[in-house]
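One file, entry-v4.txt, carrying compact mmCIF, C-alpha atoms:
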```txt
# COMPACT_ATOMS: atom_id res chain seq x y z
CA MET A 1 -10.54 35.44 -30.43
CA SER A 2 -14.09 36.66 -30.91
CA LYS A 3 -16.24 37.80 -28.03
CA ILE A 4 -18.73 35.05 -28.86
CA GLU A 5 -16.03 32.42 -28.66
CA HIS A 6 -14.82 33.80 -25.33
CA GLU A 7 -18.34 33.79 -23.90
CA ARG A 8 -18.87 30.23 -25.06
CA TRP A 9 -15.83 29.06 -23.09
CA ARG A 10 -16.66 31.26 -20.12
CA GLU A 11 -20.02 29.55 -19.81
CA GLU A 12 -18.29 26.18 -19.55
CA LEU A 13 -16.04 27.09 -16.62
CA SER A 14 -18.47 25.77 -13.99
CA ALA A 15 -18.85 22.44 -15.77
CA TYR A 16 -15.07 22.27 -16.13
CA LEU A 17 -14.58 22.74 -12.39
CA LEU A 18 -17.22 20.12 -11.64
CA GLY A 19 -15.64 17.62 -14.04
CA ALA A 20 -18.79 17.59 -16.15
CA LEU A 21 -17.39 18.41 -19.59
CA GLU A 22 -17.42 15.75 -22.26
CA PRO A 23 -14.19 13.93 -23.16
CA GLY A 24 -12.04 16.30 -25.19
CA GLU A 25 -13.91 19.42 -24.09
CA ALA A 26 -11.80 19.91 -20.97
CA GLU A 27 -8.61 19.79 -23.02
CA ALA A 28 -10.02 22.29 -25.49
CA LEU A 29 -11.03 24.61 -22.67
CA GLU A 30 -7.55 24.36 -21.16
CA GLY A 31 -6.20 25.43 -24.53
CA HIS A 32 -8.44 28.50 -24.40
CA LEU A 33 -7.39 29.24 -20.82
CA GLU A 34 -3.76 29.46 -21.83
CA GLY A 35 -4.50 32.54 -23.87
CA CYS A 36 -7.36 34.10 -21.89
CA GLU A 37 -6.50 35.90 -18.68
CA ARG A 38 -10.14 36.85 -18.08
CA CYS A 39 -11.24 33.24 -18.04
CA ARG A 40 -8.27 32.25 -15.85
CA GLU A 41 -9.23 34.98 -13.41
CA GLU A 42 -12.85 33.85 -13.34
CA LEU A 43 -11.75 30.26 -12.84
CA ARG A 44 -9.62 31.29 -9.85
CA TRP A 45 -12.58 33.17 -8.41
CA LEU A 46 -15.00 30.30 -8.97
CA ALA A 47 -12.76 27.44 -7.77
CA PRO A 48 -13.50 27.91 -4.03
CA ALA A 49 -17.16 27.12 -4.75
CA ARG A 50 -16.12 23.73 -6.10
CA ASP A 51 -13.66 23.26 -3.23
CA ALA A 52 -16.46 23.92 -0.74
CA LEU A 53 -18.59 21.02 -1.98
CA PRO A 54 -16.70 18.23 -0.14
CA GLU A 55 -17.08 20.23 3.06
CA THR A 56 -20.84 19.77 2.88
CA VAL A 57 -20.56 16.01 3.21
CA ALA A 58 -21.63 14.48 6.50
CA ARG A 59 -18.51 13.74 8.50
CA MET A 60 -17.72 10.13 9.21
CA GLN A 61 -14.82 8.70 11.16
CA PRO A 62 -12.56 6.49 9.06
CA PRO A 63 -11.98 3.03 10.53
CA PRO A 64 -8.93 2.96 12.80
CA GLU A 65 -7.61 0.03 10.78
CA LEU A 66 -7.32 2.30 7.75
CA ARG A 67 -4.96 4.64 9.58
CA GLU A 68 -2.96 1.71 10.90
CA ARG A 69 -2.59 0.17 7.44
CA LEU A 70 -1.56 3.44 5.86
CA LEU A 71 0.99 4.27 8.50
CA ALA A 72 2.42 0.77 8.41
CA GLU A 73 2.84 1.07 4.66
CA VAL A 74 4.48 4.50 4.67
CA ARG A 75 6.75 3.62 7.61
CA GLU A 76 7.93 0.54 5.78
CA ASP A 77 8.43 2.61 2.62
CA ALA A 78 10.38 5.21 4.57
CA ARG A 79 12.48 2.51 6.19
CA ARG A 80 13.38 1.08 2.80
CA ALA A 81 14.12 4.53 1.44
CA ALA A 82 16.38 5.26 4.38
CA ALA A 83 18.15 1.97 3.85
CA GLY A 84 18.77 2.84 0.21
CA GLU A 85 16.48 0.03 -0.78
CA THR A 86 13.69 2.07 -2.25
CA GLU A 87 10.54 0.47 -3.42
CA ARG A 88 10.78 2.40 -6.66
CA HIS A 89 13.90 0.48 -7.59
CA GLY A 90 12.08 -2.78 -7.19
CA ILE A 91 9.14 -1.54 -9.21
CA ILE A 92 11.35 -0.34 -12.03
CA GLU A 93 13.22 -3.59 -12.11
CA ARG A 94 9.96 -5.48 -12.15
CA LEU A 95 8.62 -3.40 -14.99
CA ARG A 96 11.87 -3.81 -16.88
CA GLY A 97 11.41 -7.50 -16.47
CA PHE A 98 7.82 -7.25 -17.69
CA ALA A 99 8.68 -5.05 -20.62
CA GLY A 100 11.71 -7.03 -21.68
CA PRO A 101 13.93 -5.55 -24.33
CA ARG A 102 11.54 -2.69 -25.04
CA TRP A 103 12.33 -1.09 -21.72
CA ARG A 104 16.01 -0.91 -22.51
CA PRO A 105 17.43 1.99 -24.54
CA LEU A 106 16.23 1.68 -28.07
CA ALA A 107 18.51 -0.20 -30.40
CA ALA A 108 19.16 1.18 -33.89
CA GLY A 109 16.55 -1.09 -35.41
CA ALA A 110 13.89 0.16 -33.02
CA VAL A 111 14.32 3.77 -34.05
CA VAL A 112 12.38 3.17 -37.22
CA LEU A 113 9.48 1.78 -35.21
CA LEU A 114 9.59 4.78 -32.93
CA ILE A 115 9.42 7.30 -35.76
CA VAL A 116 6.65 5.52 -37.59
CA ALA A 117 4.59 5.16 -34.46
CA ALA A 118 5.16 8.80 -33.61
CA VAL A 119 3.40 9.84 -36.81
CA VAL A 120 0.45 7.62 -36.02
CA GLY A 121 0.45 8.98 -32.51
CA TYR A 122 0.34 12.55 -33.72
CA GLU A 123 -2.77 11.81 -35.71
CA ILE A 124 -4.40 10.27 -32.69
CA GLY A 125 -3.52 13.24 -30.56
CA SER A 126 -4.60 15.86 -33.05
CA ASN A 127 -8.02 14.30 -33.48
CA ASP A 128 -8.98 14.56 -29.87
CA SER A 129 -7.28 17.59 -28.45
CA GLU A 130 -6.31 21.05 -29.38
CA GLY A 131 -3.16 22.87 -28.61
CA GLY A 132 -1.14 19.76 -27.79
CA GLY A 133 1.42 17.81 -29.75
CA THR A 134 2.58 14.26 -29.33
CA LEU A 135 5.97 14.08 -27.75
CA THR A 136 7.03 10.59 -28.61
CA THR A 137 5.19 7.36 -28.89
CA GLU A 138 6.02 3.75 -29.30
CA GLU A 139 3.88 0.91 -30.53
CA THR A 140 4.00 -1.75 -27.91
CA ARG A 141 3.30 -5.44 -28.08
CA GLU A 142 2.85 -5.83 -31.83
CA ALA A 143 0.92 -9.01 -31.15
CA SER A 144 -1.86 -7.06 -29.46
CA GLY A 145 -1.70 -4.19 -31.95
CA ILE A 146 -2.08 -1.53 -29.26
CA ILE A 147 -0.87 1.89 -30.31
CA ALA A 148 -0.04 4.37 -27.57
CA ALA A 149 0.54 8.10 -27.87
CA VAL A 150 1.39 10.73 -25.29
CA SER A 151 0.55 14.37 -25.97
CA MET A 152 0.92 17.55 -23.97
CA GLU A 153 -2.06 19.51 -22.71
CA GLY A 154 -0.81 22.93 -21.80
CA THR A 155 2.60 23.26 -20.26
CA GLU A 156 2.42 20.59 -17.57
CA ASN A 157 -0.44 18.19 -18.19
CA GLY A 158 -0.16 15.24 -20.49
CA ARG A 159 -2.52 12.67 -21.92
CA ILE A 160 -1.92 9.09 -22.94
CA GLU A 161 -4.20 7.65 -25.59
CA LEU A 162 -4.42 4.02 -26.57
CA ASN A 163 -5.99 2.49 -29.64
CA ASN A 164 -6.86 -1.13 -30.43
CA VAL A 165 -7.34 -2.06 -26.77
CA GLU A 166 -9.20 -5.32 -26.25
CA PRO A 167 -12.23 -5.19 -23.92
CA LEU A 168 -11.20 -5.64 -20.30
CA PRO A 169 -12.52 -8.30 -17.95
CA PRO A 170 -15.10 -6.81 -15.55
CA ASP A 171 -12.64 -6.99 -12.68
CA LYS A 172 -9.96 -4.95 -14.42
CA VAL A 173 -9.28 -1.27 -15.14
CA LEU A 174 -6.38 0.47 -16.80
CA GLU A 175 -3.86 2.35 -14.68
CA ALA A 176 -1.08 4.52 -16.07
CA TRP A 177 2.34 4.93 -14.51
CA VAL A 178 5.05 7.46 -15.12
CA GLU A 179 8.76 7.15 -14.52
CA ARG A 180 10.36 10.37 -13.33
CA GLU A 181 13.90 10.66 -12.05
CA GLY A 182 14.06 6.91 -11.69
CA GLU A 183 10.86 6.73 -9.66
CA VAL A 184 7.65 5.06 -10.81
CA GLU A 185 4.45 6.86 -9.80
CA ALA A 186 0.82 5.98 -10.34
CA VAL A 187 -1.34 8.30 -12.42
CA PRO A 188 -4.44 8.98 -10.26
CA MET A 189 -7.09 8.75 -12.99
CA LEU A 190 -7.96 5.14 -13.78
CA PHE A 191 -9.58 4.46 -17.13
CA VAL A 192 -11.22 1.83 -19.30
CA PRO A 193 -11.46 1.40 -23.08
CA ASN A 194 -14.62 2.42 -24.90
CA GLY A 195 -16.45 0.24 -27.36
CA LYS A 196 -14.04 1.27 -30.13
CA GLY A 197 -11.00 0.07 -28.24
CA GLU A 198 -9.94 3.63 -27.41
CA ALA A 199 -8.77 4.54 -23.92
CA ALA A 200 -7.22 7.69 -22.55
CA THR A 201 -6.32 9.32 -19.27
CA THR A 202 -4.81 12.60 -18.17
CA ILE A 203 -1.38 12.79 -16.61
CA GLY A 204 -1.40 15.65 -14.14
CA ASP A 205 2.28 16.49 -14.25
CA MET A 206 4.54 15.59 -17.15
CA ARG A 207 7.56 17.46 -15.86
CA GLY A 208 10.60 15.22 -15.90
CA VAL A 209 8.67 12.16 -17.09
CA THR A 210 10.81 9.82 -19.16
CA THR A 211 8.42 6.90 -19.64
CA VAL A 212 4.68 6.33 -19.47
CA MET A 213 3.26 2.84 -19.04
CA VAL A 214 -0.19 1.31 -18.76
CA THR A 215 -1.10 -1.87 -16.93
CA GLU A 216 -4.32 -3.73 -16.18
CA GLU A 217 -5.16 -3.50 -12.50
CA PRO A 218 -8.03 -4.43 -10.17
CA PRO A 219 -10.89 -1.93 -9.76
CA GLY A 220 -9.65 1.02 -7.75
CA GLY A 221 -6.17 0.58 -9.14
CA SER A 222 -3.04 -0.60 -7.38
CA ALA A 223 -0.33 1.09 -5.38
CA ALA A 224 2.27 -0.58 -7.57
CA PRO A 225 1.99 -2.30 -10.97
CA THR A 226 0.83 -5.89 -10.68
CA SER A 227 0.92 -6.93 -14.32
CA GLU A 228 2.93 -6.58 -17.47
CA PRO A 229 2.48 -3.21 -19.23
CA ILE A 230 0.15 -3.34 -22.21
CA ALA A 231 1.76 -0.15 -23.49
CA THR A 232 5.03 1.63 -22.86
CA VAL A 233 5.79 5.07 -24.26
CA THR A 234 9.27 6.51 -24.09
CA ILE A 235 9.29 10.30 -23.92
CA GLY A 236 12.06 11.43 -26.23
CA MET B 1 15.45 12.67 9.79
CA ALA B 2 11.79 12.30 10.63
CA ALA B 3 10.19 15.28 12.29
CA ASP B 4 8.71 14.21 15.57
CA ARG B 5 4.97 14.23 16.05
CA GLN B 6 4.82 17.41 18.11
CA LYS B 7 6.89 19.35 15.63
CA ALA B 8 4.80 18.13 12.72
CA GLU B 9 1.57 19.07 14.47
CA ARG B 10 2.68 22.68 14.70
CA LEU B 11 3.24 22.92 10.95
CA ALA B 12 0.72 24.14 8.39
CA ASP B 13 -0.37 21.67 5.73
CA GLU B 14 1.77 23.42 3.14
CA GLU B 15 4.80 23.00 5.38
CA LEU B 16 4.09 19.31 5.87
CA MET B 17 4.21 18.58 2.16
CA PRO B 18 7.99 18.94 1.68
CA LEU B 19 8.46 16.64 4.69
CA ILE B 20 6.09 14.10 3.17
CA GLY B 21 8.00 14.41 -0.09
CA GLY B 22 11.08 13.54 1.94
CA LYS B 23 9.34 10.39 3.24
CA ASP B 24 8.55 11.54 6.77
CA PRO B 25 5.87 9.20 8.20
CA GLU B 26 5.08 11.51 11.14
CA ALA B 27 4.27 14.39 8.79
CA PHE B 28 2.09 12.00 6.81
CA ALA B 29 0.32 10.84 9.97
CA VAL B 30 -0.49 14.45 10.89
CA LEU B 31 -1.87 15.09 7.42
CA PHE B 32 -4.06 11.99 7.68
CA ASP B 33 -5.31 12.96 11.12
CA ARG B 34 -6.27 16.38 9.82
CA HIS B 35 -7.96 15.35 6.61
CA GLY B 36 -8.55 11.60 6.73
CA GLY B 37 -12.08 12.08 8.03
CA ALA B 38 -13.02 14.49 5.27
CA ALA B 39 -11.42 12.24 2.67
CA TYR B 40 -13.20 9.11 3.89
CA SER B 41 -16.51 10.96 4.20
CA LEU B 42 -16.23 12.30 0.64
CA ALA B 43 -15.29 8.88 -0.70
CA TYR B 44 -18.25 7.29 1.12
CA ARG B 45 -20.67 9.85 -0.21
CA ILE B 46 -19.57 9.13 -3.76
CA VAL B 47 -19.18 5.35 -3.72
CA GLY B 48 -21.82 4.64 -1.08
CA GLU B 49 -20.01 1.64 0.42
CA ARG B 50 -17.67 1.57 3.38
CA ASP B 51 -15.19 -0.92 1.96
CA ALA B 52 -14.94 0.94 -1.33
CA ALA B 53 -14.63 4.26 0.50
CA GLU B 54 -11.81 2.81 2.55
CA ASP B 55 -10.01 1.65 -0.60
CA VAL B 56 -10.41 5.02 -2.27
CA THR B 57 -9.12 6.87 0.79
CA GLN B 58 -6.14 4.57 1.10
CA GLU B 59 -5.22 4.95 -2.58
CA ALA B 60 -5.55 8.71 -2.42
CA PHE B 61 -3.29 9.05 0.61
CA ILE B 62 -0.72 6.68 -0.84
CA SER B 63 -0.79 8.79 -3.99
CA VAL B 64 -0.10 11.85 -1.84
CA TRP B 65 2.73 10.03 -0.06
CA ARG B 66 4.31 9.32 -3.42
CA SER B 67 3.72 12.67 -5.06
CA GLY B 68 3.73 15.05 -2.09
CA ALA B 69 6.88 16.75 -3.24
CA ARG B 70 5.07 18.01 -6.32
CA PHE B 71 2.20 19.74 -4.54
CA ASP B 72 1.85 23.20 -6.08
CA ARG B 73 0.56 25.67 -3.49
CA ALA B 74 -0.20 28.17 -6.24
CA ARG B 75 -3.08 25.93 -7.29
CA GLY B 76 -4.86 25.93 -3.95
CA SER B 77 -4.74 24.43 -0.48
CA VAL B 78 -3.43 21.01 0.41
CA ARG B 79 -6.91 20.03 1.59
CA SER B 80 -8.51 20.99 -1.74
CA TRP B 81 -5.77 19.16 -3.63
CA LEU B 82 -6.17 16.06 -1.50
CA LEU B 83 -9.95 16.04 -1.73
CA SER B 84 -9.78 16.48 -5.51
CA ILE B 85 -7.63 13.33 -5.64
CA VAL B 86 -10.18 11.51 -3.48
CA ARG B 87 -13.05 12.70 -5.64
CA ASN B 88 -11.38 11.59 -8.88
CA ARG B 89 -10.43 8.21 -7.43
CA ALA B 90 -13.94 7.70 -6.08
CA ILE B 91 -15.55 8.56 -9.41
CA ASP B 92 -13.16 6.14 -11.12
CA ALA B 93 -14.10 3.45 -8.62
CA LEU B 94 -17.76 4.17 -9.20
CA ARG B 95 -17.38 3.83 -12.95
CA ALA B 96 -15.25 0.72 -12.66
CA GLY B 97 -17.74 -1.03 -10.41
CA ALA B 98 -19.82 -3.20 -12.72
CA GLY B 99 -23.49 -2.57 -12.25
CA ARG B 100 -22.98 -0.27 -9.29
CA ALA B 101 -25.14 2.78 -9.46
CA PRO B 102 -23.93 6.10 -8.06
CA LYS B 103 -25.32 7.14 -4.71
CA LEU B 104 -27.62 9.90 -5.81
CA ASN B 105 -30.00 10.35 -2.94
CA PHE B 106 -27.84 12.36 -0.61
CA ASP B 107 -29.25 12.62 2.84
CA ASP B 108 -26.45 14.19 4.80
CA GLU B 109 -28.50 15.11 7.79
CA ALA B 110 -29.63 11.52 8.26
CA ILE B 111 -26.05 10.33 8.15
CA LEU B 112 -25.04 13.01 10.59
CA GLU B 113 -27.62 11.82 13.03
CA GLN B 114 -26.39 8.25 12.80
CA ARG B 115 -22.70 9.03 13.08
CA PRO B 116 -22.11 12.41 14.64
CA ALA B 117 -18.67 13.84 14.04
CA GLU B 118 -16.35 13.60 16.99
CA GLU B 119 -14.98 17.10 17.28
CA GLN B 120 -11.63 16.69 18.90
CA THR B 121 -9.89 19.93 18.15
CA GLU B 122 -10.69 23.59 17.84
CA GLU B 123 -9.78 23.38 14.18
CA GLU B 124 -12.28 20.57 13.69
CA ALA B 125 -14.94 22.58 15.47
CA ILE B 126 -14.30 25.51 13.13
CA ARG B 127 -14.46 23.21 10.13
CA HIS B 128 -17.76 21.82 11.37
CA GLU B 129 -19.14 25.33 11.70
CA THR B 130 -17.89 26.21 8.24
CA ALA B 131 -19.44 23.04 6.81
CA THR B 132 -22.75 24.01 8.37
CA GLU B 133 -22.55 27.43 6.76
CA ILE B 134 -21.77 25.92 3.37
CA ARG B 135 -24.65 23.47 3.71
CA ASP B 136 -26.88 26.43 4.42
CA VAL B 137 -25.64 28.10 1.23
CA LEU B 138 -26.34 24.94 -0.72
CA GLY B 139 -29.73 24.63 0.94
CA GLU B 140 -30.67 28.06 -0.31
CA LEU B 141 -29.96 27.14 -3.91
CA PRO B 142 -32.95 26.38 -6.09
CA GLY B 143 -33.36 22.60 -6.08
CA GLU B 144 -32.79 22.26 -9.80
CA GLN B 145 -29.42 24.01 -9.47
CA SER B 146 -28.13 21.96 -6.53
CA GLN B 147 -29.36 18.82 -8.29
CA VAL B 148 -27.17 19.27 -11.38
CA ILE B 149 -24.18 20.30 -9.26
CA GLU B 150 -24.51 17.19 -7.09
CA LEU B 151 -24.97 14.90 -10.07
CA ALA B 152 -21.81 16.31 -11.64
CA TYR B 153 -19.53 16.55 -8.62
CA PHE B 154 -20.67 13.61 -6.50
CA GLY B 155 -22.11 11.43 -9.26
CA GLY B 156 -19.41 11.99 -11.88
CA PHE B 157 -21.92 12.60 -14.65
CA SER B 158 -21.23 14.82 -17.64
CA GLN B 159 -23.55 17.63 -18.67
CA SER B 160 -24.94 15.52 -21.51
CA GLU B 161 -25.58 12.58 -19.24
CA ILE B 162 -27.37 14.81 -16.76
CA ALA B 163 -29.51 16.28 -19.53
CA GLY B 164 -30.47 12.76 -20.60
CA MET B 165 -31.22 11.61 -17.06
CA LEU B 166 -33.38 14.59 -16.24
CA GLY B 167 -34.95 14.89 -19.67
CA ILE B 168 -34.03 18.55 -20.06
CA PRO B 169 -32.07 20.38 -22.76
CA LEU B 170 -28.29 20.47 -22.47
CA GLY B 171 -28.38 24.26 -22.43
CA THR B 172 -30.62 24.16 -19.36
CA VAL B 173 -28.13 21.94 -17.53
CA LYS B 174 -25.30 24.31 -18.42
CA GLY B 175 -27.28 27.30 -17.20
CA ARG B 176 -28.29 25.69 -13.90
CA MET B 177 -24.74 24.55 -13.24
CA ARG B 178 -23.31 27.98 -13.97
CA LEU B 179 -25.86 29.89 -11.93
CA GLY B 180 -25.65 27.48 -9.00
CA LEU B 181 -21.88 27.49 -8.70
CA ARG B 182 -21.69 31.27 -9.06
CA LYS B 183 -24.27 31.66 -6.32
CA ILE B 184 -22.33 29.37 -3.99
CA ARG B 185 -19.20 31.36 -4.68
CA SER B 186 -20.93 34.65 -4.04
CA GLU B 187 -22.25 33.44 -0.71
CA LEU B 188 -18.96 32.05 0.57
CA ALA B 189 -17.15 34.01 3.23
CA GLU B 190 -14.05 35.86 2.18
CA GLY B 191 -11.92 33.31 4.00
CA TRP B 192 -12.60 30.85 1.22
CA VAL B 193 -10.72 32.88 -1.39
```

Could you render the structure from this file as structure tokens?
Amino acid sequence: MSKIEHERWREELSAYLLGALEPGEAEALEGHLEGCERCREELRWLAPARDALPETVARMQPPPELRERLLAEVREDARRAAAGETERHGIIERLRGFAGPRWRPLAAGAVVLLIVAAVVGYEIGSNDSEGGGTLTTEETREASGIIAAVSMEGTENGRIELNNVEPLPPDKVLEAWVEREGEVEAVPMLFVPNGKGEAATTIGDMRGVTTVMVTEEPPGGSAAPTSEPIATVTIG
Amino acid sequence: MAADRQKAERLADEELMPLIGGKDPEAFAVLFDRHGGAAYSLAYRIVGERDAAEDVTQEAFISVWRSGARFDRARGSVRSWLLSIVRNRAIDALRAGAGRAPKLNFDDEAILEQRPAEEQTEEEAIRHETATEIRDVLGELPGEQSQVIELAYFGGFSQSEIAGMLGIPLGTVKGRMRLGLRKIRSELAEGWV
């Protein structure tokens, strides 16, 4: 790595921390960070400056109803978990119902589709990010023509990219979900397709993930999927 | 078994997380009571509407409830982790809101006057003092540096978008952002490391 290249990335660390890099740039910088201890050290030093920014915000008291709603939800969730009737089971079953046969283990005939789509997915991934490789991808809902690919960014982060996504209604966003150890979890970053029908979001932790799905949800996302997945990617 | 409220209150945030991962509502309640105000305040500053701020805060805490077991303390404090989730959710909400412009004219002092924080604990009092110190640091930044930092962090704008909005070269935005954040870091007390 040349000194010029190192300095170029070093100058982007502040923008990276502030979430101000362009799409694709953050992934490229993370690739550089993997091999550059000096930049990792500077990032660690600089991060508290970013972490201090929320502390400058004028403090407001959240409405008491918010606390009540949250606690009611988690207590009910805990009660179900304790009773062996976890919400995750219901969500998985619902998604299985949504996804139909595709959610089940791939039949022999589906393997061909998986391999073909994986090649397409690799091309998608290699165009937009460096240092990652597509794990496995599956074309979902042939009728819609959506192609989904999941690639790794570093050792833990992942990224799901969709192509051929139809424009969303104004009251909808895309939300990704991961299944890990039988539990379905929401991916925090909501996303929308661009004018070319491309949409992507980062998955913060890919460890143990066996399936990635995407659904259309109301603005702000949902706590649990409320619609049929438009894409389902099995991590092989 | 759920830890009782008193036991949970004595635990550090990092010690609460495994309990939350184990679905302990009391540990979750303590976490909300410690950081719910900061989370809601941050969400409000970004989205500029109370209902939307409430939604963002709720989604962020539910996300923590579901993923608490995977908090990685090597990456920073629980509070920073939580507030980063709030920030990302709020920016998403901002972008998803059709025709809704980001709240760019930040007048914290005015808001403070309208709704003074209710300091209930010593810890909250310390946080308030720290926040005042950090605001002072930010206040000492050249205006053009704090402007690009606020547009990026609270407005969710990229460097290119900020350059376009302000009508200045991209390289100037990068330079102001870099200098401003480094200055904030240099001025922070050692306790922020």

Check your understanding: Expressed in Å to a single decimal, how great is the separation between CA of Ser80 (chain B) and CA of Thr210 (chain A)?
Key ->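 The value is 28.3 Å.
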
Exercise for review: Rank A:Ala200, A:Val178, A:Val214, A:Leu66 by their smallest atom-to-atom distance to chain B, using all atoms listed in the file, and report the top residue only.
Suggested key: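 Under the stated criterion, the closest residue is A:Leu66.
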
Check your understanding: Could you pull the residues within 10 Å of region 132-142 of chain B, counting all atoms listed in the file, minus those fewer than 2 positions along the same chain, as a PyMOL selection string?
Key -> (chain A and resi 49+52-58) or (chain B and resi 108+126-130+144-147+149+176+179-181+183-189)

Check your understanding: Quick one, how far is CA of Asp33 (chain B) from CA of Gln6 (chain B)?
Key ->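 According to the coordinates, CA of Asp33 (chain B) and CA of Gln6 (chain B) are separated by 13.1 Å.
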
Check your understanding: Which one of A:Pro229, A:Pro219, A:Pro167, A:Gly158 sits closest to chain B if you count only C-alpha atoms?
Key ->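 With only C-alpha atoms as the atom set, the closest residue is A:Pro219.
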
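Distances from B:Glu9, B:Glu54, B:Val47, B:Ile168 to chain A were compared using all atoms listed in the file, and the smallest one belongs to B:Glu54.
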
Practice item. Find the residue from A:Asn164, A:Pro170, A:Val150, A:Val212 that sits nearest to Val187 (chain A); use all atoms listed in the file when measuring. Key: A:Val212
